[in-house]
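Asks: Got a structure for you, questions after.
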Amino acid sequence: MSQTKVFDRLLEKATSNLLLENDWESILKICDLIRQDDVASKYAVSSVKKKLTSDNIHTIGYTLECIESMVKNCGSKIHQEIVQKDFMEQMKSLCQQKPDPVKSKCLSLIQCWSHAFRKNPNYKIVEDYYNQMKMEGFQFPLLKESEAMFDVEEAPLWIQDSDSTSCFRCRSEFGIINRRHHCRACGQIFCHACSSKQAPIPKFGIEKEVRVCDGCFDKLKSTSAA
Ligand SMILES: O=P(O)(O)O[C@@H]1[C@H](O)[C@H](OP(=O)(O)O)[C@@H](O)[C@H](O)[C@H]1O
Ligand SMILES: [Zn+2]
Ligand SMILES: [Zn+2]
């Protein structure tokens with residue numbers, strides 16, 4: 001079964017209106033799939049946005065729990081998808097149209113994200129919505145700063161192929177035979193001889209074995225042995 005199908009099934013489970021409490025196991029598996037890039041964050045957020053349009057208030061409530069965990073655990077790849085006008089509009093309309101606990105959950109999420117993203121100018125839309133909604137009379141709950149702190153470690157962006165003509169480690173020139181390969185731990189580009197090993201990268205939430213360079217392999221092994 002494709003990982004996207006696995007994600008869809010987990011999201012169905014985690015947002016079922018038959019649940020009596022949060023299905024944390026499914027929620028955390030959803031976060032793992034996103035952190036490991038087994039499912040695209042754009043697809044994940046668009047699926048969650050659809051769930052927020054459910055007629056069932058319980059499904060919406062459990063979906064908000066999923067969103068909260070995705071934002072806390074999956075880093076900027078998810079943040080970039082939620083700091084969009086359409087998503088913020090959807091959250092605001094839930095505050096206008098739905099009763100508690102959905103309304104209060106949405107208000108506290110908008111407030112939490114506004115605080116957590118306050119230093120990132122690219123995410124200013126959240127603070128703008130928060131301030132605008134305060135001016136419009138929405139009653140936000142007391143901010144619990146500890147809940148608004150999440151600095152999850154995430155995998156580095158990959159160096160662009162075009163930015164590298166030789167192996168970062170042995171300097172061999174790339175070409176038809178000597179192909180480029182990315183290390184998932186440092187994001188640098190290596191020849192196959194310098195990046196033939198695989199390892200999980202727990203600090204990035206990558207539990208499966210992925211390609212890493214020899215230097216990162218040794219570091220990861222020494223960390224896991226410690
Ligand atoms: O197979 P190629 O045509 O050489 O393309 C390379 C592979 O897709 C590499 O995948 P990998 O890191 O999983 O090997 C990727 O890291 C490189 O950026 C690509 O240039
Ligand atoms: Zn090399
Ligand atoms: Zn590396």
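Residue numbering restarts at 1 for every chain of the structure tokens, chains are lettered A, B, ... in their displayed order, and ligands are numbered from 1 as they appear.
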Report as JSON lines: every residue of chain A with an atom at most 10 Å from ligand 1, its closest pair of atoms, and their distance in Å to one decimal, counting only C-alpha atoms and all ligand atoms, with rows sorted by chain and ascending residue number.
Replies:
```
{"residue": "A:Trp158", "atom": "CA", "partner": "ligand 1", "partner_atom_place_in_ligand_line": "18 (O)", "distance": 8.1}
{"residue": "A:Ile159", "atom": "CA", "partner": "ligand 1", "partner_atom_place_in_ligand_line": "18 (O)", "distance": 8.3}
{"residue": "A:Gln160", "atom": "CA", "partner": "ligand 1", "partner_atom_place_in_ligand_line": "18 (O)", "distance": 7.2}
{"residue": "A:Asp161", "atom": "CA", "partner": "ligand 1", "partner_atom_place_in_ligand_line": "18 (O)", "distance": 5.4}
{"residue": "A:Ser162", "atom": "CA", "partner": "ligand 1", "partner_atom_place_in_ligand_line": "20 (O)", "distance": 8.9}
{"residue": "A:Ser164", "atom": "CA", "partner": "ligand 1", "partner_atom_place_in_ligand_line": "18 (O)", "distance": 9.9}
{"residue": "A:Phe174", "atom": "CA", "partner": "ligand 1", "partner_atom_place_in_ligand_line": "4 (O)", "distance": 9.2}
{"residue": "A:Gly175", "atom": "CA", "partner": "ligand 1", "partner_atom_place_in_ligand_line": "4 (O)", "distance": 8.9}
{"residue": "A:Ile176", "atom": "CA", "partner": "ligand 1", "partner_atom_place_in_ligand_line": "4 (O)", "distance": 8.3}
{"residue": "A:Ile177", "atom": "CA", "partner": "ligand 1", "partner_atom_place_in_ligand_line": "4 (O)", "distance": 9.0}
{"residue": "A:Asn178", "atom": "CA", "partner": "ligand 1", "partner_atom_place_in_ligand_line": "4 (O)", "distance": 8.3}
{"residue": "A:Arg179", "atom": "CA", "partner": "ligand 1", "partner_atom_place_in_ligand_line": "4 (O)", "distance": 4.6}
{"residue": "A:Arg180", "atom": "CA", "partner": "ligand 1", "partner_atom_place_in_ligand_line": "20 (O)", "distance": 4.9}
{"residue": "A:His181", "atom": "CA", "partner": "ligand 1", "partner_atom_place_in_ligand_line": "12 (O)", "distance": 3.5}
{"residue": "A:His182", "atom": "CA", "partner": "ligand 1", "partner_atom_place_in_ligand_line": "16 (O)", "distance": 3.9}
{"residue": "A:Cys183", "atom": "CA", "partner": "ligand 1", "partner_atom_place_in_ligand_line": "12 (O)", "distance": 6.5}
{"residue": "A:Arg184", "atom": "CA", "partner": "ligand 1", "partner_atom_place_in_ligand_line": "12 (O)", "distance": 7.9}
{"residue": "A:Gly187", "atom": "CA", "partner": "ligand 1", "partner_atom_place_in_ligand_line": "16 (O)", "distance": 8.9}
{"residue": "A:Gln188", "atom": "CA", "partner": "ligand 1", "partner_atom_place_in_ligand_line": "16 (O)", "distance": 8.9}
{"residue": "A:Ile189", "atom": "CA", "partner": "ligand 1", "partner_atom_place_in_ligand_line": "16 (O)", "distance": 7.0}
{"residue": "A:Phe190", "atom": "CA", "partner": "ligand 1", "partner_atom_place_in_ligand_line": "12 (O)", "distance": 8.4}
{"residue": "A:Cys191", "atom": "CA", "partner": "ligand 1", "partner_atom_place_in_ligand_line": "14 (O)", "distance": 9.0}
{"residue": "A:His192", "atom": "CA", "partner": "ligand 1", "partner_atom_place_in_ligand_line": "14 (O)", "distance": 7.8}
{"residue": "A:Ser195", "atom": "CA", "partner": "ligand 1", "partner_atom_place_in_ligand_line": "12 (O)", "distance": 8.5}
{"residue": "A:Ser196", "atom": "CA", "partner": "ligand 1", "partner_atom_place_in_ligand_line": "14 (O)", "distance": 9.0}
{"residue": "A:Val210", "atom": "CA", "partner": "ligand 1", "partner_atom_place_in_ligand_line": "13 (O)", "distance": 8.3}
{"residue": "A:Arg211", "atom": "CA", "partner": "ligand 1", "partner_atom_place_in_ligand_line": "13 (O)", "distance": 6.6}
{"residue": "A:Val212", "atom": "CA", "partner": "ligand 1", "partner_atom_place_in_ligand_line": "12 (O)", "distance": 8.6}
{"residue": "A:Cys213", "atom": "CA", "partner": "ligand 1", "partner_atom_place_in_ligand_line": "12 (O)", "distance": 10.0}
```
Asks: Determine, using only C-alpha atoms, which residues of range 52-128 of chain A have any atom at most 7 Å from an atom of range 2-21 of chain A, and tabulate each with its shortest atom pair and distance in Å to one decimal place, rows ordered by chain and then rising number, as a Markdown table.
Replies:
```
| residue | atom | partner | partner_atom | distance |
| --- | --- | --- | --- | --- |
| A:Asn56 | CA | A:Asn17 | CA | 6.9 |
| A:His58 | CA | A:Asn17 | CA | 5.2 |
| A:Thr59 | CA | A:Asn17 | CA | 5.0 |
| A:Tyr62 | CA | A:Thr15 | CA | 4.9 |
| A:Thr63 | CA | A:Thr15 | CA | 5.4 |
```
Asks: So which residues touch range 116-131 of chain A within 6 Å, counting only C-alpha atoms, skipping near sequence neighbours fewer than 6 positions away, as a tab-separated table (two decimals) with N, CA, C and O atoms, in the first residue's frame?
Replies:
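Result went into around_1.tsv, see below:
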```tsv
chain	number	residue	atom	x	y	z
A	83	VAL	N	0.64	28.78	7.12
A	83	VAL	CA	0.68	30.25	7.15
A	83	VAL	C	0.20	30.80	5.80
A	83	VAL	O	0.82	31.67	5.19
A	148	ALA	N	3.56	27.20	23.54
A	148	ALA	CA	3.79	27.84	22.23
A	148	ALA	C	5.26	27.78	21.85
A	148	ALA	O	5.76	28.57	21.07
A	149	MET	N	5.99	26.85	22.49
A	149	MET	CA	7.42	26.75	22.15
A	149	MET	C	7.65	25.41	21.48
A	149	MET	O	7.48	24.37	22.10
```
Asks: List every residue of chain A that has an atom at most 7 Å from any atom of ligand 2, and for each one report the closest atom pair and its distance in Å to one decimal, counting only C-alpha atoms and all ligand atoms, with rows sorted by chain and then by increasing residue number, as JSON lines.
Replies:
```
{"residue": "A:Cys167", "atom": "CA", "partner": "ligand 2", "partner_atom_place_in_ligand_line": "1 (Zn)", "distance": 4.6}
{"residue": "A:Phe168", "atom": "CA", "partner": "ligand 2", "partner_atom_place_in_ligand_line": "1 (Zn)", "distance": 6.6}
{"residue": "A:Arg169", "atom": "CA", "partner": "ligand 2", "partner_atom_place_in_ligand_line": "1 (Zn)", "distance": 5.1}
{"residue": "A:Cys170", "atom": "CA", "partner": "ligand 2", "partner_atom_place_in_ligand_line": "1 (Zn)", "distance": 4.1}
{"residue": "A:Arg171", "atom": "CA", "partner": "ligand 2", "partner_atom_place_in_ligand_line": "1 (Zn)", "distance": 6.1}
{"residue": "A:Ser172", "atom": "CA", "partner": "ligand 2", "partner_atom_place_in_ligand_line": "1 (Zn)", "distance": 5.8}
{"residue": "A:Phe190", "atom": "CA", "partner": "ligand 2", "partner_atom_place_in_ligand_line": "1 (Zn)", "distance": 5.2}
{"residue": "A:Cys191", "atom": "CA", "partner": "ligand 2", "partner_atom_place_in_ligand_line": "1 (Zn)", "distance": 4.2}
{"residue": "A:His192", "atom": "CA", "partner": "ligand 2", "partner_atom_place_in_ligand_line": "1 (Zn)", "distance": 6.6}
{"residue": "A:Ala193", "atom": "CA", "partner": "ligand 2", "partner_atom_place_in_ligand_line": "1 (Zn)", "distance": 5.5}
{"residue": "A:Cys194", "atom": "CA", "partner": "ligand 2", "partner_atom_place_in_ligand_line": "1 (Zn)", "distance": 4.3}
```
Asks: Env of Ile206 in chain A: 10 Å cut, atoms = only C-alpha atoms, seq-sep filter 5 positions within chain, self excluded. Answer as a list of chain:residue names.
Replies: A:Asp32, A:Leu33, A:Ile34, A:Arg35, A:Gln36, A:Asp37, A:Asp38, A:Glu154, A:Ala155, A:Arg184, A:Ala185, A:Ala199, A:Pro200, A:Ile201
Asks: Using N, CA and C atoms, can you write the selected residues to a file as a compact mmCIF listing (two decimals), in the first residue's frame?
Replies:
```
# COMPACT_ATOMS: atom_id res chain seq x y z
N ASP A 32 5.13 11.09 11.82
CA ASP A 32 6.33 10.37 11.34
C ASP A 32 6.35 10.32 9.81
N LEU A 33 5.19 10.03 9.21
CA LEU A 33 5.13 9.95 7.73
C LEU A 33 5.54 11.29 7.12
N ILE A 34 5.09 12.37 7.73
CA ILE A 34 5.41 13.70 7.20
C ILE A 34 6.89 14.02 7.43
N ARG A 35 7.39 13.71 8.64
CA ARG A 35 8.78 14.04 8.94
C ARG A 35 9.73 13.24 8.04
N GLN A 36 9.33 12.01 7.68
CA GLN A 36 10.20 11.16 6.84
C GLN A 36 10.00 11.43 5.35
N ASP A 37 9.14 12.44 5.08
CA ASP A 37 8.83 12.76 3.66
C ASP A 37 8.19 11.59 2.94
N ASP A 38 7.53 10.70 3.70
CA ASP A 38 6.80 9.60 3.04
C ASP A 38 5.50 10.12 2.46
N GLU A 154 14.92 19.54 12.35
CA GLU A 154 14.44 18.93 11.10
C GLU A 154 15.58 18.78 10.11
N ALA A 155 15.37 17.86 9.17
CA ALA A 155 16.43 17.55 8.19
C ALA A 155 16.79 18.82 7.41
N ARG A 184 21.14 12.44 3.63
CA ARG A 184 19.91 12.92 4.29
C ARG A 184 20.18 13.58 5.64
N ALA A 185 21.38 13.40 6.15
CA ALA A 185 21.67 13.97 7.48
C ALA A 185 22.25 15.37 7.39
N ALA A 199 21.44 4.79 7.21
CA ALA A 199 21.20 4.79 8.66
C ALA A 199 19.90 5.55 8.94
N PRO A 200 19.23 5.19 10.06
CA PRO A 200 18.09 6.00 10.49
C PRO A 200 18.61 7.29 11.09
N ILE A 201 17.79 8.35 11.09
CA ILE A 201 18.20 9.64 11.68
C ILE A 201 17.11 10.05 12.68
```
Asks: So which one's closest to ligand 3, A:Lys103, A:Lys72, A:Lys208, A:Lys197? Using only C-alpha atoms and all ligand atoms, please.
Replies: A:Lys197
Asks: In Å, with one decimal, what is the gap from CA of Lys77 in chain A to CA of Phe138 in chain A?
Replies: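 Between CA of Lys77 in chain A and CA of Phe138 in chain A the gap is 28.9 Å.
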Asks: Identify which of the residues A:Met135, A:Cys106, A:Asp23, A:Gly205 lies closest to Met88 in chain A, counting only C-alpha atoms when measuring atom-to-atom distances.
Replies: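 Residue with the minimum atom-to-atom distance to Met88 in chain A: A:Cys106.
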Asks: From a DSSP calculation on the backbone, collect every residue of range 125-214 of chain A in strand (DSSP E or B) and output the set as a compact mmCIF listing (two decimals) with C-alpha atoms, in the first residue's frame.
Replies:
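For reference, out29.txt as written:
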```
# COMPACT_ATOMS: atom_id res chain seq x y z
CA SER A 166 32.42 17.50 -7.16
CA GLU A 173 34.31 15.33 -10.29
CA HIS A 181 23.92 11.53 -4.20
CA HIS A 182 22.52 13.50 -1.24
CA ILE A 189 26.20 16.06 -2.24
CA PHE A 190 28.60 13.10 -2.44
CA LYS A 197 25.88 3.60 3.71
CA GLN A 198 22.36 3.90 5.14
CA ALA A 199 21.20 4.79 8.66
CA PRO A 200 18.09 6.00 10.49
CA ILE A 201 18.20 9.64 11.68
CA ILE A 206 13.54 9.40 10.26
CA GLU A 207 13.22 5.87 11.62
CA LYS A 208 13.90 4.02 8.34
CA GLU A 209 17.42 3.54 6.86
CA VAL A 210 18.28 6.38 4.46
CA ARG A 211 21.38 7.30 2.46
CA VAL A 212 23.99 9.16 4.55
```
Asks: Could you pull out the residues in range 16-175 of chain A that DSSP calls helix (DSSP H, G or I) from the backbone, as JSON, numbers by chain?
Replies: {"A": [24, 25, 26, 27, 28, 29, 30, 31, 32, 33, 34, 35, 41, 42, 43, 44, 45, 46, 47, 48, 49, 50, 51, 57, 58, 59, 60, 61, 62, 63, 64, 65, 66, 67, 68, 69, 70, 71, 72, 73, 76, 77, 78, 79, 80, 81, 82, 85, 86, 87, 88, 89, 90, 91, 92, 93, 94, 95, 96, 97, 102, 103, 104, 105, 106, 107, 108, 109, 110, 111, 112, 113, 114, 115, 116, 121, 122, 123, 124, 125, 126, 127, 128, 129, 130, 131, 132, 133, 134, 135, 145, 146, 147, 148, 161, 162, 163]}
Asks: Select, from A:Lys85, A:Cys186, A:Asp218, A:Asn22, the residue with the minimum atom-to-atom distance to ligand 3, counting only C-alpha atoms and all ligand atoms.
Replies: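 Among A:Lys85, A:Cys186, A:Asp218, A:Asn22, it is A:Cys186 that comes nearest to ligand 3.
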Asks: Counting only C-alpha atoms, what is within 12 Å of Leu94 in chain A, bar same-chain residues fewer than 2 positions away, as a tab-separated table (two decimals) with C-alpha atoms, in the first residue's frame?
Replies:
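Resulting contents of out-v9.tsv:
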```tsv
chain	number	residue	atom	x	y	z
A	49	LYS	CA	-8.25	21.17	5.51
A	52	LEU	CA	-12.20	20.70	8.79
A	53	THR	CA	-15.21	21.08	6.49
A	54	SER	CA	-16.89	18.01	8.03
A	55	ASP	CA	-20.48	18.40	9.27
A	57	ILE	CA	-18.22	18.65	15.20
A	60	ILE	CA	-13.45	18.78	13.35
A	61	GLY	CA	-12.26	18.64	16.96
A	64	LEU	CA	-7.63	20.22	15.11
A	87	PHE	CA	-5.98	28.17	5.88
A	88	MET	CA	-6.06	31.12	8.27
A	89	GLU	CA	-9.45	32.15	6.81
A	90	GLN	CA	-10.72	28.63	7.42
A	91	MET	CA	-9.53	28.72	11.04
A	92	LYS	CA	-11.14	32.15	11.56
A	96	GLN	CA	-17.09	32.42	13.95
A	97	GLN	CA	-19.35	29.49	13.14
A	98	LYS	CA	-18.64	26.64	15.55
A	99	PRO	CA	-19.43	26.22	19.25
A	100	ASP	CA	-16.93	25.27	21.94
A	101	PRO	CA	-14.79	23.19	22.26
A	102	VAL	CA	-14.00	23.69	18.54
A	103	LYS	CA	-14.16	27.49	18.79
A	104	SER	CA	-11.89	27.71	21.84
A	105	LYS	CA	-9.45	25.18	20.31
A	106	CYS	CA	-9.17	27.26	17.14
A	107	LEU	CA	-8.66	30.46	19.10
A	109	LEU	CA	-4.16	27.46	18.15
A	110	ILE	CA	-4.15	30.81	16.34
```
